[in-house]
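J.: Got a structure for you, questions after.
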Amino acid sequence: MTETSSPLSRRDFLKITWAFFGGVVALETAGVFLAYLQPRLAEGEFGSVITAGLVDDFPLNSVTHIPNGRFYIVRIGDGGFLAVYHRCTHLGCTVPWDSTTQKFVCPCHNSQFDQQGIVENPPAPRPLDLFALTIENGEIKVDTGDIIQRQTYDVAQVVYP
Amino acid sequence: MEEQTPTPEPSLFQRMKHRLTPEGVPADDRGRMRMVMESLILHIHPAKVETSSMKWTYTWGLGGLSALLMAILGGTGIILINNYTPAAPQAYLDILEINSNVWFGELIRNLHHWSANLLIVVTVLHLIRVFVTGAYRPPRELNWLIGVAMLLLVIGANFTGYLLPWDQLAYWAITVGTSIISYVPLIGQWLSQLILGGPEVGANTLLNFYSMHISFIPLAIFGLMSYHFWRVRKDGGLTIPKSSKQIEDPKPERVTTIPNLTNREMIFALAWTAALLLFSMLVPAPLEGIANPALSPNPAKAPWYFMGLQELLLHFHPLVGAIIIPSIAIAGIFLLPFFDLNLKSVGVYFRSQRGRALTVLAIGIALIATPIWVLLDEYLLNWTLWLPTWDALISNGLIPLAVIALPLILLDDRIHKTFQADTEERVLFIATFLFTAFIVLTLIGIYFRGPGMSLYLPWNMPVVVH
C-alpha cells in the first residue's frame with residue numbers, strides 16, 4: 001500500500017490539521033478581542049478638528065497655549081504657524097512655555113525645546129510633535145487627531161497664511 | 001411500652017448543626033491529622049510538619065502574609081466598589097465622599113491603600129527569601145515562575161489602582177508610567193493607545209484600568225495563588241536544609257499541623273491585621289487635588305515602586321532604560337532556577353560560608369558604587385555632548401550600558417578566580433549586587449530627586465507649590 005510509505009501518516013495529518021484550525025480560531029478570537037478594545041474617539045473633543053482662532057489674533061514671535069486642544073500655536077518671526085503638541089516626547093508630561101527663557105521646559109525630567117519644539121536638552125528623544133494645521137478664510141484649524149512625529153525642524157512644517 | 005420512650009428524633013436545628021458544622025477539634029493526633037486532610041482549606045498543609053520548617057526566622061511568614069494581604073485587599077476592595085464611579089471627574093468626588101461622608105469609608109480606603117503598598121514589599125521580600133535559600137531549585141522551578149508571574153500581577157494591580165483616585169498624583173504617575181510603553185519597538189505607540197484607550201490618560205484610561213483592577217488581575221492572582229499553594233505541597237513542602245535533615249537528624253521531629261502550625265498562623269494573621277488596622281487609623285492614604293491634564297507637577301514622579309526604573313530613565317535612552325534593562329532583569333529572574341541548580345545547599349541561607357561573605361561584599365560594593373555612578377552621570381558624563389553625531393540610542397544608551405556592564409563582568413571574573421566561587425555563589429553575588437543597586441536607585445528616586453528631577457539632599461528639598 002502506498003499509504004504506509006507516505007511520509008505523513010493519517011494520524012499526523014489529522015493532528016496538524018487540528019492544530020492549524022485551532023490556531024486559526026485562537027487568532028480570530030484574539031483579533032476580535034483587540035478590535036473590541038480599540039479606542040474610540042468622541043467628536044468635538046480632543047482628537048477632532050479644533051479652531052484655534054483668527055490669524056490676526058497671534059502676534060509675530062508668539063506662543064499661545066490652547067489647553068482644550070492640547071497644543072500651542074507658535075507664530076514664528078516670519079509670520080508662519082506651527083501647532084505644537086504640548087506633550088513631552090520623553091514621558092508625556094505637559095510642557096509649559098517659559099517666556100523668560102523663550103523655551104519649552106518640561107517639569108518632569110528637564111527636557112528643553114526651542115520655540116519650534118526642537119530638543120535643546122535631552123532626555124527627550126525627538127522634537128515636540130506637531131498637529132496638522134490649516135488656514136481657511138483667516139481661521140486657524142488644527143486636526144488634533146493627526147499627530148505628526150518628526151526628527152528635525154524643516155521649513156515645510158510651517159504653514160503660512 | 002410506654003416505659004420504653006424511644007430516643008426522640010433530632011430536631012431540624014440539631015440535624016443542621018450536626019451536618020453543617022465540624023465536630024470540634026479531635027483530642028487525638030490521628031483525628032487531627034485526619035481533619036487536616038479532609039478540609040478544603042487546611043489541606044494546603046500536610047497533616048504533620050517538621051519543627052525545623054516552622055522556625056520564624058526561616059520563612060518569616062512572608063508567603064502567608066502575602067495571602068493575608070490579598071484577603072484584606074479583596075474584602076476592602078469589594079466594598080469600595082459600591083461607593084466609586086470609574087468616570088472623570090466623578091471618581092475624584094467619590095473618593096472625597098468616601099473620605100468624609102461614608103461610614104468607615106476613610107478607614108477602609110486607608111486599609112486598602114496601605115495593604116496594597118505593603119503587599120509589594122512583602123512579595124518582593126518573599127522572592128528574596130526564596131532566592132537566598134535556593135528554594136527554587138528542582139523540582140520547584142515551576143512554582144518560582146508562578147510566583148514571579150504573581151509579583152508582576154501584583155505590580156499591575158497596584159499600578160491600575162494608582163489611577164483610580166483621579167488626583168494629580170495618580171494622573172501624572174500613570175502618564176509617566178504608561179509613556180514608557182510607547183518605547184516598545186514597532187508596536188509601542190499602538191500598544192500605548194490600546195491601554196490608554198486614546199492618545200493620553202483620560203476617561204477611557206480610567207475605565208480600562210478600573211476593569212483590569214477589579215476583574216482580570218484579581219481573578220488571575222487568585223487562580224495562580226491556589227496553584228502556587230498546591231505546588232508547594234506537590235513539590236514536597238518547604239525546603240529544609242539537607243545537612244540538618246539527613247546527617248544530623250536522620251529522623252526529624254514532626255508535629256501535627258493542628259494545633260502547632262495553625263495556632264502560629266492564627267496569631268501571625270491576627271497580629272498583622274491589628275497592626276494594619278492601627279496604621280490605617282493613624283496614617284491617611286495620600287490624596288492631592290483633582291487631576292489637571294494641563295498642569296504637570298514638578299517633579300512628576302511615577303509610583304514609588306517604579307522610581308528605580310524612572311531613575312534609570314534619567315541616565316539612559318528610554319529604549320535601554322525602560323525596555324532593554326527591565327526585560328533582561330525580568331527574563332533573568334524567570335531563568336534563575338535553570339542555571340542555579342546545586343541541590344546540596346537547598347534551604348541554607350546564602351548557600352555557604354563563602355556565599356555569606358560574597359553577599360556582604362556585593363551589598364557593600366553596590367551601596368558605594370551606585371551613588372557614585374549616579375553622581376558621575378549627573379554631573380560629569382555627557383555622552384550625547386561628547387558624541388554629537390552619534391544616534392542617541394548608542395551614545396546615551398548602549399555606551400553607558402557597556403560602561404556599567406564591563407566592571408560587573410570583570411568583578412564576576414575576579415570572584416570566580418580569586419575566591420573560587422562556583423556557579424551558585426556567582427549567581428548569588430551578581431543578583432545581590434544588581435538588586436541592591438536597584439534598591440539604591442529607587443531610594444535616590446524617591447528621596448533625592450526634586451524639582452526638574454535634579455538631585456537634592458532630602459533635608460534641603462525645596463517645597464514646590466502646585
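By convention in this document, the chains of the C-alpha cells carry letters A, B, ... by their order, each chain's residues are numbered from 1, and ligands are numbered from 1 in the order they are shown.
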Sorted by chain and rising residue number, list the residues of chain A at most 6 Å from chain B (counting only C-alpha atoms), each with its closest atom pair and distance in Å to one decimal, as a Markdown table.
T.:
| residue | atom | partner | partner_atom | distance |
| --- | --- | --- | --- | --- |
| A:Gln38 | CA | B:Leu194 | CA | 5.9 |
| A:Pro39 | CA | B:Gly197 | CA | 4.4 |
| A:Leu91 | CA | B:Ser179 | CA | 4.9 |
| A:Gly92 | CA | B:Ser179 | CA | 5.9 |
| A:Cys93 | CA | B:Ser296 | CA | 5.9 |
| A:Thr94 | CA | B:Ser296 | CA | 5.5 |
| A:Pro107 | CA | B:Asn298 | CA | 5.0 |
| A:Cys108 | CA | B:Ala300 | CA | 5.0 |
| A:His109 | CA | B:Met453 | CA | 5.4 |
| A:Asn110 | CA | B:Gly452 | CA | 5.1 |
J.: Identify, with DSSP run on backbone atoms, the residues in chain A assigned to alpha helix (DSSP H), and express the list as a ChimeraX atom specification.
T.: /A:2-5,10-37
J.: Could you write out the selected residues, including N, CA and C atoms, as a tab-separated table (two decimals), in the first residue's frame?
T.:
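The file below, selection_4.tsv, is the result:
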chain	number	residue	atom	x	y	z
A	2	THR	N	0.43	2.22	-0.73
A	2	THR	CA	1.18	3.48	-0.75
A	2	THR	C	1.00	4.24	0.55
A	3	GLU	N	-0.09	3.92	1.25
A	3	GLU	CA	-0.43	4.66	2.47
A	3	GLU	C	0.69	4.59	3.51
A	4	THR	N	1.24	3.37	3.69
A	4	THR	CA	2.25	3.19	4.73
A	4	THR	C	3.55	3.88	4.35
A	5	SER	N	3.82	4.00	3.06
A	5	SER	CA	5.08	4.60	2.66
A	5	SER	C	5.00	6.13	2.62
A	10	ARG	N	-1.71	9.26	8.43
A	10	ARG	CA	-3.04	9.83	8.55
A	10	ARG	C	-3.20	10.52	9.91
A	11	ARG	N	-2.65	9.86	10.96
A	11	ARG	CA	-2.74	10.42	12.31
A	11	ARG	C	-2.05	11.79	12.39
A	12	ASP	N	-0.84	11.85	11.80
A	12	ASP	CA	-0.11	13.13	11.82
A	12	ASP	C	-0.85	14.20	11.03
A	13	PHE	N	-1.41	13.77	9.88
A	13	PHE	CA	-2.14	14.72	9.05
A	13	PHE	C	-3.29	15.33	9.86
A	14	LEU	N	-4.02	14.47	10.57
A	14	LEU	CA	-5.16	14.97	11.35
A	14	LEU	C	-4.68	15.88	12.48
A	15	LYS	N	-3.57	15.49	13.13
A	15	LYS	CA	-3.02	16.31	14.21
A	15	LYS	C	-2.69	17.71	13.70
A	16	ILE	N	-1.98	17.74	12.56
A	16	ILE	CA	-1.56	19.03	12.02
A	16	ILE	C	-2.78	19.86	11.63
A	17	THR	N	-3.78	19.18	11.01
A	17	THR	CA	-4.98	19.90	10.61
A	17	THR	C	-5.68	20.50	11.83
A	18	TRP	N	-5.81	19.69	12.89
A	18	TRP	CA	-6.44	20.19	14.11
A	18	TRP	C	-5.67	21.38	14.68
A	19	ALA	N	-4.35	21.21	14.74
A	19	ALA	CA	-3.52	22.29	15.29
A	19	ALA	C	-3.69	23.55	14.46
A	20	PHE	N	-3.71	23.39	13.12
A	20	PHE	CA	-3.83	24.54	12.24
A	20	PHE	C	-5.14	25.28	12.48
A	21	PHE	N	-6.25	24.52	12.46
A	21	PHE	CA	-7.54	25.21	12.62
A	21	PHE	C	-7.71	25.74	14.05
A	22	GLY	N	-7.16	25.02	15.02
A	22	GLY	CA	-7.17	25.53	16.40
A	22	GLY	C	-6.45	26.86	16.48
A	23	GLY	N	-5.30	26.93	15.81
A	23	GLY	CA	-4.53	28.18	15.78
A	23	GLY	C	-5.31	29.30	15.13
A	24	VAL	N	-6.00	28.98	14.00
A	24	VAL	CA	-6.80	29.99	13.31
A	24	VAL	C	-7.88	30.53	14.24
A	25	VAL	N	-8.56	29.64	14.95
A	25	VAL	CA	-9.63	30.07	15.86
A	25	VAL	C	-9.06	30.96	16.97
A	26	ALA	N	-7.88	30.56	17.51
A	26	ALA	CA	-7.27	31.37	18.57
A	26	ALA	C	-6.93	32.76	18.06
A	27	LEU	N	-6.38	32.83	16.85
A	27	LEU	CA	-6.02	34.13	16.28
A	27	LEU	C	-7.26	34.99	16.05
A	28	GLU	N	-8.31	34.35	15.52
A	28	GLU	CA	-9.56	35.09	15.28
A	28	GLU	C	-10.10	35.66	16.58
A	29	THR	N	-10.09	34.82	17.63
A	29	THR	CA	-10.61	35.27	18.92
A	29	THR	C	-9.79	36.46	19.45
A	30	ALA	N	-8.45	36.31	19.34
A	30	ALA	CA	-7.59	37.41	19.78
A	30	ALA	C	-7.89	38.67	18.98
A	31	GLY	N	-8.09	38.50	17.67
A	31	GLY	CA	-8.39	39.64	16.81
A	31	GLY	C	-9.68	40.33	17.22
A	32	VAL	N	-10.71	39.52	17.52
A	32	VAL	CA	-11.99	40.08	17.95
A	32	VAL	C	-11.82	40.89	19.23
A	33	PHE	N	-11.07	40.30	20.19
A	33	PHE	CA	-10.84	41.00	21.46
A	33	PHE	C	-10.13	42.33	21.23
A	34	LEU	N	-9.07	42.29	20.41
A	34	LEU	CA	-8.29	43.51	20.18
A	34	LEU	C	-9.14	44.56	19.48
A	35	ALA	N	-9.92	44.12	18.48
A	35	ALA	CA	-10.76	45.07	17.75
A	35	ALA	C	-11.78	45.71	18.70
A	36	TYR	N	-12.34	44.86	19.59
A	36	TYR	CA	-13.34	45.36	20.53
A	36	TYR	C	-12.74	46.42	21.44
A	37	LEU	N	-11.45	46.22	21.80
A	37	LEU	CA	-10.82	47.11	22.78
A	37	LEU	C	-10.20	48.36	22.16
J.: Suppose you want the space between CA of Asn83 in chain B and CA of Thr273 in chain B; what is it in Å?
T.: 23.5 Å
J.: Go through A:Phe113, A:Phe104, A:Tyr85, A:Phe58 one by one, measure the shortest atom-to-atom distance of each to Tyr72 in chain A using only C-alpha atoms, and give the residue with the smallest value.
T.: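 Using only C-alpha atoms, the shortest distance to Tyr72 in chain A belongs to A:Tyr85.
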J.: Just want the 7 Å neighbourhood of range 424-427 of chain B, counted on only C-alpha atoms, with same-chain residues fewer than 2 positions away dropped. Output as an mmCIF file with N, CA and C atoms, in the first residue's frame.
T.:
data_model
loop_
_atom_site.group_PDB
_atom_site.id
_atom_site.type_symbol
_atom_site.label_atom_id
_atom_site.label_comp_id
_atom_site.auth_asym_id
_atom_site.auth_seq_id
_atom_site.Cartn_x
_atom_site.Cartn_y
_atom_site.Cartn_z
ATOM 1 N N ASP B 340 20.897 27.889 38.339
ATOM 2 C CA ASP B 340 21.362 27.783 39.723
ATOM 3 C C ASP B 340 20.773 26.481 40.268
ATOM 4 N N ASN B 342 22.485 23.670 42.108
ATOM 5 C CA ASN B 342 23.128 22.817 43.102
ATOM 6 C C ASN B 342 22.182 22.476 44.254
ATOM 7 N N GLY B 355 29.405 32.062 50.394
ATOM 8 C CA GLY B 355 28.256 32.779 49.834
ATOM 9 C C GLY B 355 27.851 33.935 50.733
ATOM 10 N N ASP B 412 32.823 39.787 38.385
ATOM 11 C CA ASP B 412 32.381 38.399 38.445
ATOM 12 C C ASP B 412 33.549 37.459 38.160
ATOM 13 N N ALA B 421 34.674 30.920 43.585
ATOM 14 C CA ALA B 421 33.226 30.831 43.751
ATOM 15 C C ALA B 421 32.638 29.953 42.657
ATOM 16 N N ASP B 422 31.709 29.081 43.022
ATOM 17 C CA ASP B 422 31.073 28.250 41.996
ATOM 18 C C ASP B 422 29.842 28.973 41.440
ATOM 19 N N PHE B 429 26.020 36.383 44.009
ATOM 20 C CA PHE B 429 26.765 37.640 44.043
ATOM 21 C C PHE B 429 26.175 38.655 43.061
ATOM 22 N N ILE B 430 26.021 38.229 41.795
ATOM 23 C CA ILE B 430 25.539 39.141 40.753
ATOM 24 C C ILE B 430 24.129 39.628 41.078
ATOM 25 N N ALA B 431 23.252 38.681 41.448
ATOM 26 C CA ALA B 431 21.860 39.056 41.723
ATOM 27 C C ALA B 431 21.781 40.009 42.908
#
J.: Quick check for you: according to DSSP on this backbone, which residues of chain A are classed as strand (DSSP E or B)? Reply as a count of residues only.
T.: 53
J.: So how many Å separate CA of Leu410 in chain B and CA of Val348 in chain B, to one decimal?
T.: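 These atoms are spaced 27.5 Å apart.
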